[in-house]
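Input: a single structure, listed below in C-alpha cells.
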Amino acid sequence: MHDKRWWVLAFWVIGLFLVNAAAGGVGDDYRDDFNLPNVESKRGFDVLEAGFPEAAPTGVSGSIVFRADQGVDDPEVQAAMEELFAEVEKEDVVGRLISPYSDEGARQIASAGPEAGKVAYATVEFPTDAEFAEASKVRAVIDDNAPEIEGLQVQAGGQVFAEFETPSSEALGLAFAIVILIVAFGSVLAMGLPIGVALFGIGVGSALIMLISNVMAVPEFATILGAMIGIGVGIDYALLIVTRYREQLHSGHDVRESIGIAMDTAGRSVLFAGMTVVISLLGMLLMGVAFVQGLAVAASAVVFVTVLASLTLLPALLGFAGTRVEVTRRRGLIAAGLVAIGLIGFGLSISPLLIGFPLAIIVLLVGLAFKPLKVEVPRKAPKPLRETLAYRWSRVVQRRPWTVAILSTIALLILAAPLLGMRLGFGDESNYDESTSTRKAYDLLTDGFGAGSNGPLLLAAKIDGDVDPAALEAVTTAVAADPNVALASPAQLNDPENPSAAQWFVVPKTGPQAEETTDLVQRLRTDVLPPLDEQVGAEILVTGSVAVSIDFADLLAGRLPYFFAAVLILSFLLLMAVFRSLLVPLKAVIMNLLSIGAAYGIIVALFQWGWIGDVTGVEPAPIEPWMPMMLFAIVFGLSMDYEVFLLSRIREEWHRTGDSHRSVADGLAATAKVITAAAAIMVFVFGSFILESDRTAKLMGTGLALAILLDATVVRMLLVPATMELLGDRNWWLPKWLDRILPNVDVEGHLDDSPSPFDDEPGPGTGIPEPAPVTV
C-alpha cells in the first residue's frame, strides 16, 4: 500500500463518489418489515383481511387529529376538514381514509368527558409496501392544506407521519475525537489520519445502507446506527495502527518498514477484531425478522468498509505523511481547534460557532507564509513504558488480585441488577418531544378519547356457518368487564345474512406502551376469550398494532438466548484459535458479559424506570425489543477489539520474556494509552447521541457509551490484570490434542526483526529498582 499509495487514494476517492452517486440515483427504501410468523396477531389480521377486505387495515396507518373550540360539527370546521381529507385521498399512496364524518368513522368523534364533540380524528391507511418518503409527502399535504380557522388545531399523528431529523450529534463526537487524539498523539497530522479513515468509512457505508434498503427491509434509524459505528470503529482501528507505526519510527525503522511492521502486527489485530464485530452483527440473522436482518447487514457493511479503509487507505495515507506525523506546527494546532469549535457549533446548532470552519482554512493559508505560525510546537519526550501510570497501576492490581477481582465483579453485578426487571416493548408517541406534531396529536387523542385510543385492540373471529347473536354479545360483555377496558364495541359481522368473520373494537384505559395494556392482552388471550370460543364456534383472536408489538417483543425475547449462545460460542472458538488458550477466551467471554450486563442494568434504570429523566429528557417506557440484541452484537464485538489489542500485546511480551506476570504489566503499559484514547473517543461519540430528540438514538448511544466505558475501565484496567495474575502461566494452557486440530490464526505478526520498547528498560535482575508503587 505504501508503494502504490497514489493508486490506493485514487481508488477510495473515486469509489466514494461513485457509490454515493449510485445511492443518490437509486434512492432509499427504508421500512420496518416485521414479517411475523404464525403468531396470534398475524392470524387475526389474516381473518380481517379475508372477511373485511375493504375495512381491514391495509398496512401502516396514521391519523389526522383535530380539535375545535366551537366543536368539530361546526359547519365551517366540517367543510374545511372534509376538503383537507379530499386532498389527502388524492395521493396515490393512500389506501383509504376513514373520516369521522362518515358512518364508519362515527366513533372517531369524542363523545364523553370535557372534550366531547371537540376532538376528532381521521384514519389514513397506507399499503404494506408504502415507503417513508411517500408518507412524508402525505404529511406535507396535511401541513400545507390544514385549515386556518380560529379555534381549530390540526395535527398529523402516528409514527408514520413522525418527522425524522437527521442526527447532528456525530459532529460533537468528532469534535471530542479531535481533542482526545491531539492530547494522545501530540500531533495534528497523526490526529487527522484516524478522522479521515472514519469519514471515508461513513461516507461509503452510509451510501451502501441506502442501496441495501432497496433489496432488504432496513429501518430508517440504520443511518444513525451507521454513523455511530462508523465514527467509533473507524477511529478505533486507525488509532491502533497509527500508534504502532509511530512506535516503530521511534525504534529506528524508516517509513516503509514502519508501515509494514504496523500492518503485520496491529493490522492483523484490526482484521481479526473487525471480523469479530461483523460476526456478532450477522448473528442477528438468526432472529428471522426481516428488518432486524436488514439492520444487521447494513451495520456489518459499515464495519466491513471501515476495516477495509483501515487496512488499505490508512497505510497509503501514512506513506504520504511519512515522518511528519511527529511534527505539529502552530498553524495546524490552531486550525484543529477551530475545526473542533465549528463541529461543536454544528452539533449544537449554534450558528456563531460555525465560523470555526472558514477561520481554520484562513489560518492554514496564512500559516504557509506567516513565520510565527510555522513554528513547531515542542513535544514532551515520552516516558519509558515502565515508568508510566499504566504500568504502575498494573503492578498495584497484581499485588492484590483477589481483592480487585472480587470487588470489581460485585460492582458490575450490582449495576446489572436492574436487568432482572427489564420489560421489552415498543415505546409509543408519548415519547416524542412535546413540540412535535406527533406528540401533540397523541395528547389530543388522550384528552378526547383516553390514552388507550392511541393503541386500540381488535378482536377477530373466523365464523363458519350460523352464529348465535347471544354468543357475540357475551364476548362484548366479558371484554367490557375487564377493569382495564374503557370501551368494547358490539360485534360487527362482515355479512349479516351469511357471516364468515366478526370483529370487535376494544379501547384500553392505558396507553400502548403501558405494562397494564400488555397485561390486558395476555388476560384476553389466556383467561377471558378462550371460554367463549366454543360459544362463538371459532377462535377469537386479539390483534391490532399493539398486539403486533407485543407478539414481536415476545418473538425476539424467545430467540435472544439462541443469538447470545451463537455469538458467544463462535467468539470463544475464534479467541481460542488466536491465543492458543482455553482460559483466556473463557475469561474474555465472561468479562464481556459482565460489562454488557451492567450496561443493560443502567439502561433499564434510565429508560424504563425513568431515573434522572429531568436531565436526560427521557420518559419511562419499555426497552425496545431489538435493543438488547443490537447492543450485545455491537458492544461484544467492540469489547473484543480491546481484548485482542491488549491480550495480543501481553502474549507478544510473554513470548519474548517467558514471564507471565511481567508480561501483563508490560502489555498493559504498551496498550493502555491507545485503549484509553479509543474508548474515550467512542464514549463521547456514542454518548453525544443522548442529546438527540429521538428516543432510539438516545437509547443506543447511551447503552453503547456505558458499555464501552465499563469495559475499558473496570474490565481492562482491573479484571484483566487481576485474573491474569491469579492464573499465571495457566493463562496460555491448551491441551496438545486441541492445539493440533485448531487452525493457526496469527494476530501478532512476524516480530523477529522488531525490537521491543521494553528491551532497554529496567527489569528483573538488572540491579535497577522498579518504579515506586502507586498508593491506593
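The chains in the C-alpha cells are called A, B, ... from first to last as shown; in each chain the residues are counted from 1, and the ligands are counted from 1 in the order shown.
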Q: Excluding Leu97 of chain A and any residue of its chain fewer than 3 positions from it, enumerate the residues within 8 Å of it, using only C-alpha atoms, and give them as a list in words.
A: Phe85, Glu89, Val94, Ala122, Thr123, Val124 and Glu125 of chain A
Which residues are near segment 466-472 of chain A? Cut-off 12 Å, only C-alpha atoms, ignore same chain within fewer than 6 positions. Put them as a PDB file with N, CA, C and O atoms, in the first residue's frame.
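As a result, part-v9.pdb now contains:
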```
ATOM      1  N   LEU A 459     -60.465  -7.500  17.984  1.00  0.00           N
ATOM      2  CA  LEU A 459     -60.750  -8.923  18.160  1.00  0.00           C
ATOM      3  C   LEU A 459     -61.316  -9.436  16.843  1.00  0.00           C
ATOM      4  O   LEU A 459     -62.166  -8.787  16.233  1.00  0.00           O
ATOM      5  N   ALA A 460     -60.851 -10.579  16.413  1.00  0.00           N
ATOM      6  CA  ALA A 460     -61.298 -11.136  15.138  1.00  0.00           C
ATOM      7  C   ALA A 460     -61.624 -12.613  15.309  1.00  0.00           C
ATOM      8  O   ALA A 460     -60.934 -13.332  16.035  1.00  0.00           O
ATOM      9  N   ALA A 478     -68.056  -9.752  28.300  1.00  0.00           N
ATOM     10  CA  ALA A 478     -66.905 -10.271  29.043  1.00  0.00           C
ATOM     11  C   ALA A 478     -65.698  -9.349  28.913  1.00  0.00           C
ATOM     12  O   ALA A 478     -64.980  -9.090  29.886  1.00  0.00           O
ATOM     13  N   VAL A 479     -65.468  -8.846  27.710  1.00  0.00           N
ATOM     14  CA  VAL A 479     -64.316  -7.956  27.498  1.00  0.00           C
ATOM     15  C   VAL A 479     -64.533  -6.634  28.212  1.00  0.00           C
ATOM     16  O   VAL A 479     -63.621  -6.098  28.856  1.00  0.00           O
ATOM     17  N   ALA A 488     -65.720  -1.547  24.766  1.00  0.00           N
ATOM     18  CA  ALA A 488     -65.771  -2.768  23.958  1.00  0.00           C
ATOM     19  C   ALA A 488     -66.996  -2.661  23.072  1.00  0.00           C
ATOM     20  O   ALA A 488     -68.133  -2.637  23.566  1.00  0.00           O
ATOM     21  N   SER A 489     -66.772  -2.553  21.761  1.00  0.00           N
ATOM     22  CA  SER A 489     -67.886  -2.352  20.847  1.00  0.00           C
ATOM     23  C   SER A 489     -68.653  -3.651  20.636  1.00  0.00           C
ATOM     24  O   SER A 489     -68.133  -4.745  20.865  1.00  0.00           O
ATOM     25  N   PRO A 490     -69.904  -3.559  20.178  1.00  0.00           N
ATOM     26  CA  PRO A 490     -70.627  -4.773  19.776  1.00  0.00           C
ATOM     27  C   PRO A 490     -69.930  -5.422  18.582  1.00  0.00           C
ATOM     28  O   PRO A 490     -69.156  -4.787  17.865  1.00  0.00           O
ATOM     29  N   ALA A 491     -70.220  -6.694  18.375  1.00  0.00           N
ATOM     30  CA  ALA A 491     -69.611  -7.412  17.251  1.00  0.00           C
ATOM     31  C   ALA A 491     -70.108  -6.850  15.931  1.00  0.00           C
ATOM     32  O   ALA A 491     -71.274  -6.468  15.796  1.00  0.00           O
ATOM     33  N   GLN A 492     -69.198  -6.785  14.968  1.00  0.00           N
ATOM     34  CA  GLN A 492     -69.540  -6.364  13.618  1.00  0.00           C
ATOM     35  C   GLN A 492     -69.314  -7.540  12.685  1.00  0.00           C
ATOM     36  O   GLN A 492     -68.225  -8.094  12.630  1.00  0.00           O
ATOM     37  N   LEU A 493     -70.349  -7.939  11.954  1.00  0.00           N
ATOM     38  CA  LEU A 493     -70.258  -9.060  11.024  1.00  0.00           C
ATOM     39  C   LEU A 493     -69.998  -8.541   9.631  1.00  0.00           C
ATOM     40  O   LEU A 493     -70.512  -7.490   9.227  1.00  0.00           O
ATOM     41  N   ASP A 495     -71.024  -9.960   6.913  1.00  0.00           N
ATOM     42  CA  ASP A 495     -72.245 -10.174   6.131  1.00  0.00           C
ATOM     43  C   ASP A 495     -73.322 -10.658   7.094  1.00  0.00           C
ATOM     44  O   ASP A 495     -73.275 -11.812   7.548  1.00  0.00           O
ATOM     45  N   PRO A 496     -74.290  -9.820   7.434  1.00  0.00           N
ATOM     46  CA  PRO A 496     -75.308 -10.222   8.418  1.00  0.00           C
ATOM     47  C   PRO A 496     -76.077 -11.468   8.005  1.00  0.00           C
ATOM     48  O   PRO A 496     -76.521 -12.251   8.864  1.00  0.00           O
ATOM     49  N   GLU A 497     -76.260 -11.668   6.701  1.00  0.00           N
ATOM     50  CA  GLU A 497     -77.032 -12.815   6.242  1.00  0.00           C
ATOM     51  C   GLU A 497     -76.211 -14.101   6.249  1.00  0.00           C
ATOM     52  O   GLU A 497     -76.692 -15.165   6.649  1.00  0.00           O
ATOM     53  N   ASN A 498     -74.987 -14.014   5.806  1.00  0.00           N
ATOM     54  CA  ASN A 498     -74.134 -15.196   5.734  1.00  0.00           C
ATOM     55  C   ASN A 498     -72.727 -14.835   6.207  1.00  0.00           C
ATOM     56  O   ASN A 498     -71.784 -14.732   5.414  1.00  0.00           O
ATOM     57  N   PRO A 499     -72.554 -14.612   7.504  1.00  0.00           N
ATOM     58  CA  PRO A 499     -71.277 -14.103   8.017  1.00  0.00           C
ATOM     59  C   PRO A 499     -70.166 -15.155   7.936  1.00  0.00           C
ATOM     60  O   PRO A 499     -70.387 -16.342   8.124  1.00  0.00           O
ATOM     61  N   SER A 500     -68.956 -14.661   7.643  1.00  0.00           N
ATOM     62  CA  SER A 500     -67.770 -15.515   7.689  1.00  0.00           C
ATOM     63  C   SER A 500     -66.705 -14.960   8.625  1.00  0.00           C
ATOM     64  O   SER A 500     -65.694 -15.618   8.879  1.00  0.00           O
ATOM     65  N   ALA A 501     -66.947 -13.755   9.143  1.00  0.00           N
ATOM     66  CA  ALA A 501     -65.981 -13.155  10.068  1.00  0.00           C
ATOM     67  C   ALA A 501     -66.684 -12.131  10.942  1.00  0.00           C
ATOM     68  O   ALA A 501     -67.680 -11.509  10.530  1.00  0.00           O
ATOM     69  N   ALA A 502     -66.149 -11.981  12.159  1.00  0.00           N
ATOM     70  CA  ALA A 502     -66.657 -10.979  13.098  1.00  0.00           C
ATOM     71  C   ALA A 502     -65.480 -10.230  13.701  1.00  0.00           C
ATOM     72  O   ALA A 502     -64.382 -10.779  13.856  1.00  0.00           O
ATOM     73  N   GLN A 503     -65.736  -8.953  14.026  1.00  0.00           N
ATOM     74  CA  GLN A 503     -64.679  -8.181  14.662  1.00  0.00           C
ATOM     75  C   GLN A 503     -65.273  -7.316  15.774  1.00  0.00           C
ATOM     76  O   GLN A 503     -66.437  -6.923  15.737  1.00  0.00           O
ATOM     77  N   TRP A 504     -64.452  -7.056  16.777  1.00  0.00           N
ATOM     78  CA  TRP A 504     -64.797  -6.173  17.897  1.00  0.00           C
ATOM     79  C   TRP A 504     -63.710  -5.114  18.022  1.00  0.00           C
ATOM     80  O   TRP A 504     -62.528  -5.373  17.750  1.00  0.00           O
ATOM     81  N   LEU A 529     -61.111 -14.780  26.757  1.00  0.00           N
ATOM     82  CA  LEU A 529     -61.679 -15.222  25.481  1.00  0.00           C
ATOM     83  C   LEU A 529     -61.744 -16.742  25.282  1.00  0.00           C
ATOM     84  O   LEU A 529     -62.713 -17.224  24.658  1.00  0.00           O
ATOM     85  N   PRO A 531     -62.739 -19.294  27.050  1.00  0.00           N
ATOM     86  CA  PRO A 531     -64.016 -19.943  27.400  1.00  0.00           C
ATOM     87  C   PRO A 531     -65.160 -19.597  26.448  1.00  0.00           C
ATOM     88  O   PRO A 531     -66.175 -20.317  26.408  1.00  0.00           O
ATOM     89  N   LEU A 532     -65.002 -18.490  25.678  1.00  0.00           N
ATOM     90  CA  LEU A 532     -66.069 -18.064  24.781  1.00  0.00           C
ATOM     91  C   LEU A 532     -65.914 -18.615  23.365  1.00  0.00           C
ATOM     92  O   LEU A 532     -66.813 -18.467  22.539  1.00  0.00           O
ATOM     93  N   ASP A 533     -64.756 -19.227  23.074  1.00  0.00           N
ATOM     94  CA  ASP A 533     -64.514 -19.744  21.720  1.00  0.00           C
ATOM     95  C   ASP A 533     -65.568 -20.768  21.317  1.00  0.00           C
ATOM     96  O   ASP A 533     -66.062 -20.767  20.186  1.00  0.00           O
ATOM     97  N   GLU A 534     -65.921 -21.646  22.252  1.00  0.00           N
ATOM     98  CA  GLU A 534     -66.880 -22.716  21.928  1.00  0.00           C
ATOM     99  C   GLU A 534     -68.262 -22.144  21.643  1.00  0.00           C
ATOM    100  O   GLU A 534     -68.964 -22.609  20.734  1.00  0.00           O
ATOM    101  N   GLN A 535     -68.638 -21.091  22.405  1.00  0.00           N
ATOM    102  CA  GLN A 535     -69.951 -20.487  22.170  1.00  0.00           C
ATOM    103  C   GLN A 535     -70.023 -19.836  20.792  1.00  0.00           C
ATOM    104  O   GLN A 535     -71.018 -19.967  20.074  1.00  0.00           O
ATOM    105  N   VAL A 536     -68.938 -19.120  20.427  1.00  0.00           N
ATOM    106  CA  VAL A 536     -68.923 -18.441  19.128  1.00  0.00           C
ATOM    107  C   VAL A 536     -68.714 -19.441  17.996  1.00  0.00           C
ATOM    108  O   VAL A 536     -69.147 -19.235  16.868  1.00  0.00           O
ATOM    109  N   GLY A 537     -68.053 -20.541  18.323  1.00  0.00           N
ATOM    110  CA  GLY A 537     -67.761 -21.540  17.304  1.00  0.00           C
ATOM    111  C   GLY A 537     -66.497 -21.243  16.527  1.00  0.00           C
ATOM    112  O   GLY A 537     -66.312 -21.766  15.423  1.00  0.00           O
ATOM    113  N   ALA A 538     -65.619 -20.412  17.090  1.00  0.00           N
ATOM    114  CA  ALA A 538     -64.356 -20.067  16.420  1.00  0.00           C
ATOM    115  C   ALA A 538     -63.408 -19.493  17.454  1.00  0.00           C
ATOM    116  O   ALA A 538     -63.821 -19.021  18.518  1.00  0.00           O
ATOM    117  N   ILE A 540     -61.282 -16.739  18.992  1.00  0.00           N
ATOM    118  CA  ILE A 540     -61.321 -15.272  18.988  1.00  0.00           C
ATOM    119  C   ILE A 540     -59.887 -14.776  19.166  1.00  0.00           C
ATOM    120  O   ILE A 540     -59.246 -15.044  20.190  1.00  0.00           O
TER     121      ILE A 540
END
```
Can you build me a table of segment 71-91 of chain A residues sitting at most 8 Å from segment 98-119 of chain A, with the closest atom pair per residue and its distance in Å to one decimal, using only C-alpha atoms, sorted by chain and residue number, as a tab-separated table?
```
residue	atom	partner	partner_atom	distance
A:Gly71	CA	A:Lys118	CA	4.5
A:Val72	CA	A:Lys118	CA	5.4
A:Asp73	CA	A:Gly117	CA	7.3
A:Gln78	CA	A:Tyr101	CA	8.0
A:Glu82	CA	A:Ser99	CA	7.9
A:Phe85	CA	A:Ser99	CA	7.4
```
Q: Extract, using only C-alpha atoms, all DNA, RNA and protein residues at most 10 Å from segment 552-559 of chain A, discarding same-chain residues fewer than 2 positions from it, and format them as number ranges by chain.
A: A: 34-37, 39, 41, 284, 286-289, 292, 423-426, 546-550, 561-564, 623-626, 628-629
For those residues, write N, CA and C atoms to a file as a short mmCIF file (atom, residue, chain, number, x, y, z; two decimals), in the first residue's frame.
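Saved the output as selection19.cif:
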```cif
data_model
loop_
_atom_site.label_atom_id
_atom_site.label_comp_id
_atom_site.auth_asym_id
_atom_site.auth_seq_id
_atom_site.Cartn_x
_atom_site.Cartn_y
_atom_site.Cartn_z
N PHE A 34 -41.90 -6.36 9.73
CA PHE A 34 -41.84 -7.29 10.85
C PHE A 34 -41.92 -8.75 10.40
N ASN A 35 -42.57 -9.02 9.28
CA ASN A 35 -42.78 -10.38 8.74
C ASN A 35 -42.92 -11.43 9.85
N LEU A 36 -43.89 -11.18 10.74
CA LEU A 36 -44.08 -12.09 11.87
C LEU A 36 -44.51 -13.48 11.39
N PRO A 37 -44.08 -14.51 12.10
CA PRO A 37 -44.54 -15.87 11.76
C PRO A 37 -46.00 -16.05 12.18
N VAL A 39 -48.05 -16.00 14.46
CA VAL A 39 -48.45 -15.61 15.81
C VAL A 39 -49.91 -15.16 15.77
N SER A 41 -51.52 -12.33 16.51
CA SER A 41 -51.88 -11.06 15.89
C SER A 41 -51.87 -11.16 14.37
N MET A 284 -27.38 -11.66 14.14
CA MET A 284 -28.78 -11.25 14.22
C MET A 284 -29.62 -11.82 13.08
N LEU A 286 -30.03 -14.75 12.68
CA LEU A 286 -30.71 -15.90 13.28
C LEU A 286 -32.08 -15.53 13.84
N MET A 287 -32.35 -14.23 14.01
CA MET A 287 -33.62 -13.82 14.62
C MET A 287 -34.80 -14.05 13.69
N GLY A 288 -34.54 -14.12 12.38
CA GLY A 288 -35.62 -14.44 11.45
C GLY A 288 -36.63 -13.34 11.23
N VAL A 289 -36.31 -12.10 11.58
CA VAL A 289 -37.22 -10.96 11.39
C VAL A 289 -36.60 -10.05 10.34
N VAL A 292 -34.78 -6.68 11.26
CA VAL A 292 -33.60 -6.95 12.09
C VAL A 292 -32.47 -7.48 11.21
N ARG A 423 -38.25 -4.90 30.78
CA ARG A 423 -39.50 -5.21 30.07
C ARG A 423 -39.34 -4.75 28.62
N LEU A 424 -39.45 -5.70 27.71
CA LEU A 424 -39.28 -5.39 26.30
C LEU A 424 -40.61 -4.96 25.69
N GLY A 425 -40.56 -3.96 24.86
CA GLY A 425 -41.77 -3.47 24.20
C GLY A 425 -41.45 -2.22 23.42
N PHE A 426 -42.41 -1.79 22.61
CA PHE A 426 -42.20 -0.59 21.80
C PHE A 426 -42.77 0.63 22.51
N VAL A 546 -51.00 -2.78 18.66
CA VAL A 546 -50.43 -3.04 19.99
C VAL A 546 -50.15 -4.53 20.16
N ALA A 547 -51.09 -5.37 19.74
CA ALA A 547 -50.90 -6.82 19.85
C ALA A 547 -49.72 -7.27 18.99
N VAL A 548 -49.55 -6.65 17.81
CA VAL A 548 -48.40 -6.98 16.95
C VAL A 548 -47.10 -6.65 17.67
N SER A 549 -47.06 -5.49 18.30
CA SER A 549 -45.85 -5.09 19.02
C SER A 549 -45.53 -6.06 20.15
N ILE A 550 -46.55 -6.49 20.86
CA ILE A 550 -46.34 -7.44 21.97
C ILE A 550 -45.85 -8.78 21.44
N PRO A 561 -31.80 -15.96 23.49
CA PRO A 561 -30.81 -16.92 24.01
C PRO A 561 -30.04 -17.64 22.91
N TYR A 562 -30.70 -17.95 21.79
CA TYR A 562 -30.00 -18.62 20.70
C TYR A 562 -28.98 -17.69 20.05
N PHE A 563 -29.37 -16.42 19.92
CA PHE A 563 -28.45 -15.44 19.36
C PHE A 563 -27.24 -15.26 20.27
N PHE A 564 -27.49 -15.07 21.57
CA PHE A 564 -26.39 -14.90 22.52
C PHE A 564 -25.46 -16.12 22.47
N ILE A 623 -38.17 -1.10 27.10
CA ILE A 623 -36.96 -1.12 26.27
C ILE A 623 -37.32 -1.74 24.92
N GLU A 624 -36.97 -1.06 23.85
CA GLU A 624 -37.27 -1.57 22.51
C GLU A 624 -36.75 -3.01 22.37
N PRO A 625 -37.54 -3.92 21.85
CA PRO A 625 -37.17 -5.34 21.88
C PRO A 625 -35.93 -5.70 21.08
N TRP A 626 -35.56 -4.89 20.09
CA TRP A 626 -34.36 -5.18 19.31
C TRP A 626 -33.10 -4.65 19.99
N PRO A 628 -31.58 -5.00 23.15
CA PRO A 628 -30.59 -5.88 23.78
C PRO A 628 -29.78 -6.66 22.76
N MET A 629 -30.42 -7.08 21.69
CA MET A 629 -29.74 -7.85 20.66
C MET A 629 -28.72 -6.98 19.92
#
```
Q. So which residues touch Glu134 of chain A within 10 Å, counting only C-alpha atoms, skipping near sequence neighbours fewer than 6 positions away, as a list of chain:residue names?
A.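 Here the qualifying residues turn out to be A:Asp29, A:Glu91, A:Asp92, A:Val93, A:Val94, A:Phe126, A:Ala140, A:Val160.
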Q. Pick from A:Val305, A:Ala677, A:Ala598, A:Val255: nearest to Ile235 of chain A, with only C-alpha atoms counted?
A.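 For Ile235 of chain A, the nearest of the given residues is A:Ala677.
Atom CA of Met210 of chain A to atom CA of Ile231 of chain A spans 17.8 Å [interatomic distance, one decimal].
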**Q.** Counting only C-alpha atoms, the option among A:Ile634, A:Ser206, A:Leu606, A:Ala390 closest to Val302 of chain A
**A.**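 Closest candidate: A:Ser206.
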